[in-house]
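Q: Can you keep this structure in mind? I'll have questions shortly.
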2 protein chains.
Amino acid sequence: MRIGELADRLGVNPKTIRFYEARGLLPDPARLPSGYRDYGPEDESRLAFIKTAQRLGLSLDEIGEILAFKERGERPCSYVLSVLAAQLSDIDRRIGELVRLRAELVVLKDRADQLATGDACYCGIVEHAGRIGQATTR
Amino acid sequence: MRIGELADRLGVNPKTIRFYEARGLLPDPARLPSGYRDYGPEDESRLAFIKTAQRLGLSLDEIGEILAFKERGERPCSYVLSVLAAQLSDIDRRIGELVRLRAELVVLKDRADQLATGDACYCGIVEHAGRIGQATTR
DNA sequence: GTATAGCCTTCCCCTTGCTGGAAGGTCAAG
DNA sequence: CTTGACCTTCCAGCAAGGGGAAGGCTATAC
């Protein structure tokens with residue numbers, strides 16, 4: 001199948017497929033006489049694998065590592081487990097950050113709704129936030 | 001004060017200050033005879049404003065909009081409020097996504113810990129996730 | 001007087017994960 | 001024969017800066 005069909009099947013942009021190829025995540029595909037890329041089922045499953053891993057939060061570099069394990073005939077599962085564990089703690093950190101930020105935004109919005117609009121500043125809403133949120137983690 | 005001192009005071013990289021200048025967020029500063037940038041207190045408060053707004057999740061483009069209001073002598077607060085409201089719903093969406101992803105990762109990890117290691121695949125952990133998580137939002 | 005260290009300047013390239021466009025080739029239908 | 005939908009390559013760019021080169025300024029130490 002040609003690149004457009006593969007892209008449609010998996011809901012990605014054809015450009016993305018070429019990009020993965022350039023990054024070494026997909027092998028150089030066979031070519032039709034016209035020069036068009038020609039993909040088979042194993043390309044489809046490899047691409048699906050990449051997309052699933054990405055949805056789990058793995059970077060393309062990490063996915064490349066995992067695929068390289070396969071090329072060497074090794075099982076990457078312990079590597080994957082360590083990556084997933086790192087993912088998990090990173091996600092917990094990000095959720096915590098977002099929850100803190102959310103609370104701060106709610107305070108700002110409530111305050112802004114009853115704010116006297118008289119003082120000369122860029123914007124009292126944001127400027128006041130500086131005083132509230134000094135201790136917040138970056 | 002020179003760029004390094006301004007950067008130290010606000011805990012940013014001097015490169016970041018030059019970058020904001022190139023983006024038009026900070027005005028072209030005065031220069032010392034040596035050609036070094038020379039900043040005053042109003043630059044410091046403007047930079048602090050940018051950093052606070054950024055911590056609230058605003059993009060540099062949005063911050064630029066807000067600063068442009070000020071240049072026109074208008075009060076940006078209603079614009080800021082709409083941006084903050086959008087931020088809030090975006091944050092809720094992202095928190096929901098992360099919580100779902102977290103649950104999925106926990107399932108994968110638990111399953112992987114007791115997984116028989118006999119089947120021929122890139123990695124049973126990730127491949128199994130494809131079957132679990134089909135309905136998950138991108 | 002000079003060396004050396006620590007600033008500063010501009011410049012361009014690197015990152016992540018793509019996306020868009022330009023300029024051109026291929027192929028089937030009307 | 002032309003139109004339109006594909007495809008090819010390469011170049012350029014987004015956010016939000018970071019890294020480092022090559023060179024200029026200046027204060028302090030010797």
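In the structure tokens, chains take letters A, B, ... by order of appearance, with residues numbered from 1 within each chain and ligands from 1 in the order shown.
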Once you count only C-alpha atoms (C1' of nucleotides), which residues of chain C turn out to be within 12 Å of chain A? Could you give them as a PyMOL selection string?

A: chain C and resi 16-20+25-27

Q: If you keep N, CA, C and O atoms (P, O5', C5', C4', C3', O3' and C1' of nucleotides), can you produce a file of those selected residues as an mmCIF file, in the first residue's frame?

A:
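This is the output file result-v4.cif:
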data_model
loop_
_atom_site.group_PDB
_atom_site.id
_atom_site.type_symbol
_atom_site.label_atom_id
_atom_site.label_comp_id
_atom_site.auth_asym_id
_atom_site.auth_seq_id
_atom_site.Cartn_x
_atom_site.Cartn_y
_atom_site.Cartn_z
ATOM 1 P P DT C 16 15.379 15.722 20.927
ATOM 2 O "O5'" DT C 16 13.838 16.151 20.944
ATOM 3 C "C5'" DT C 16 13.265 16.738 22.075
ATOM 4 C "C4'" DT C 16 11.757 16.672 21.932
ATOM 5 C "C3'" DT C 16 11.246 15.568 21.013
ATOM 6 O "O3'" DT C 16 10.004 15.119 21.498
ATOM 7 C "C1'" DT C 16 10.726 17.682 20.076
ATOM 8 P P DG C 17 9.433 13.691 21.105
ATOM 9 O "O5'" DG C 17 8.408 14.080 19.947
ATOM 10 C "C5'" DG C 17 7.229 14.795 20.278
ATOM 11 C "C4'" DG C 17 6.581 15.296 19.010
ATOM 12 C "C3'" DG C 17 6.458 14.259 17.882
ATOM 13 O "O3'" DG C 17 5.184 14.403 17.287
ATOM 14 C "C1'" DG C 17 7.396 16.186 17.057
ATOM 15 P P DC C 18 4.545 13.195 16.472
ATOM 16 O "O5'" DC C 18 5.420 13.214 15.116
ATOM 17 C "C5'" DC C 18 4.890 13.823 13.929
ATOM 18 C "C4'" DC C 18 4.782 15.323 14.094
ATOM 19 C "C3'" DC C 18 4.039 16.010 12.971
ATOM 20 O "O3'" DC C 18 2.703 16.305 13.388
ATOM 21 C "C1'" DC C 18 5.972 17.246 13.658
ATOM 22 P P DT C 19 1.533 16.346 12.319
ATOM 23 O "O5'" DT C 19 1.774 17.742 11.568
ATOM 24 C "C5'" DT C 19 1.551 18.975 12.251
ATOM 25 C "C4'" DT C 19 1.841 20.121 11.309
ATOM 26 C "C3'" DT C 19 1.188 19.995 9.925
ATOM 27 O "O3'" DT C 19 0.404 21.158 9.720
ATOM 28 C "C1'" DT C 19 3.476 20.574 9.730
ATOM 29 P P DG C 20 -0.548 21.249 8.408
ATOM 30 O "O5'" DG C 20 0.281 22.230 7.457
ATOM 31 C "C5'" DG C 20 0.810 23.426 7.991
ATOM 32 C "C4'" DG C 20 1.603 24.163 6.915
ATOM 33 C "C3'" DG C 20 1.073 23.941 5.499
ATOM 34 O "O3'" DG C 20 0.803 25.206 4.905
ATOM 35 C "C1'" DG C 20 3.437 23.510 5.610
ATOM 36 P P DG C 25 9.529 16.947 -13.481
ATOM 37 O "O5'" DG C 25 8.938 15.634 -12.797
ATOM 38 C "C5'" DG C 25 9.841 14.780 -12.094
ATOM 39 C "C4'" DG C 25 9.086 13.550 -11.634
ATOM 40 C "C3'" DG C 25 8.407 12.756 -12.748
ATOM 41 O "O3'" DG C 25 8.503 11.369 -12.439
ATOM 42 C "C1'" DG C 25 6.793 13.463 -11.189
ATOM 43 P P DT C 26 7.897 10.291 -13.503
ATOM 44 O "O5'" DT C 26 6.461 9.972 -12.878
ATOM 45 C "C5'" DT C 26 6.378 9.402 -11.568
ATOM 46 C "C4'" DT C 26 5.007 8.799 -11.348
ATOM 47 C "C3'" DT C 26 4.381 8.065 -12.537
ATOM 48 O "O3'" DT C 26 3.740 6.919 -12.015
ATOM 49 C "C1'" DT C 26 2.928 9.732 -11.807
ATOM 50 P P DC C 27 3.380 5.641 -12.911
ATOM 51 O "O5'" DC C 27 1.799 5.567 -12.753
ATOM 52 C "C5'" DC C 27 1.209 5.949 -11.499
ATOM 53 C "C4'" DC C 27 -0.255 6.260 -11.676
ATOM 54 C "C3'" DC C 27 -0.916 5.643 -12.917
ATOM 55 O "O3'" DC C 27 -2.136 5.051 -12.507
ATOM 56 C "C1'" DC C 27 -1.395 7.932 -12.799
#

Q: Fewer than 4 positions away in the same chain doesn't count, so skip those; otherwise give me all residues within 12 Å of DC8 (chain C), counting only C-alpha atoms (C1' of nucleotides), as an NGL selection string.

A: (:B and (2-5 or 14-15 or 31-32 or 34-38)) or (:D and (23-26))

Q: Generate a file of the selected residues that holds C-alpha atoms (C1' of nucleotides), formatted as a PDB file, in the first residue's frame.

A:
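Wrote it out as selection-v3.pdb, contents follow:
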ATOM      1  CA  ARG B   2      23.659  44.846  32.896  1.00  0.00           C
ATOM      2  CA  ILE B   3      21.957  41.766  31.512  1.00  0.00           C
ATOM      3  CA  GLY B   4      23.603  39.318  33.882  1.00  0.00           C
ATOM      4  CA  GLU B   5      22.436  41.150  36.973  1.00  0.00           C
ATOM      5  CA  PRO B  14      20.522  36.073  30.000  1.00  0.00           C
ATOM      6  CA  LYS B  15      19.753  34.313  26.732  1.00  0.00           C
ATOM      7  CA  ARG B  31      23.257  50.706  25.802  1.00  0.00           C
ATOM      8  CA  LEU B  32      26.392  51.543  27.743  1.00  0.00           C
ATOM      9  CA  SER B  34      30.736  49.588  25.601  1.00  0.00           C
ATOM     10  CA  GLY B  35      27.648  48.374  23.767  1.00  0.00           C
ATOM     11  CA  TYR B  36      26.400  46.395  26.767  1.00  0.00           C
ATOM     12  CA  ARG B  37      22.649  46.421  27.424  1.00  0.00           C
ATOM     13  CA  ASP B  38      21.652  48.698  30.300  1.00  0.00           C
TER      14      ASP B  38
ATOM     15  C1'  DG D  23      35.423  38.207  19.406  1.00  0.00           C
ATOM     16  C1'  DG D  24      35.168  42.825  22.513  1.00  0.00           C
ATOM     17  C1'  DC D  25      35.347  45.193  27.247  1.00  0.00           C
ATOM     18  C1'  DT D  26      37.169  45.903  31.811  1.00  0.00           C
TER      19       DT D  26
END

Q: To one decimal place in Å, what is the distance between C1' of DG13 (chain D) and CA of Ile17 (chain A)?

A: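 Separation of C1' of DG13 (chain D) and CA of Ile17 (chain A): 19.0 Å.
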
Q: Please identify all residues of chain D having at least one atom at most 10 Å from any atom of chain A, considering only C-alpha atoms (C1' of nucleotides), and return them as an mmCIF file with C-alpha atoms (C1' of nucleotides), in the first residue's frame.

A:
data_model
loop_
_atom_site.group_PDB
_atom_site.id
_atom_site.type_symbol
_atom_site.label_atom_id
_atom_site.label_comp_id
_atom_site.auth_asym_id
_atom_site.auth_seq_id
_atom_site.Cartn_x
_atom_site.Cartn_y
_atom_site.Cartn_z
ATOM 1 C "C1'" DC D 6 -1.702 11.381 -5.365
ATOM 2 C "C1'" DC D 7 3.349 11.030 -4.733
ATOM 3 C "C1'" DT D 8 8.614 12.676 -4.547
#
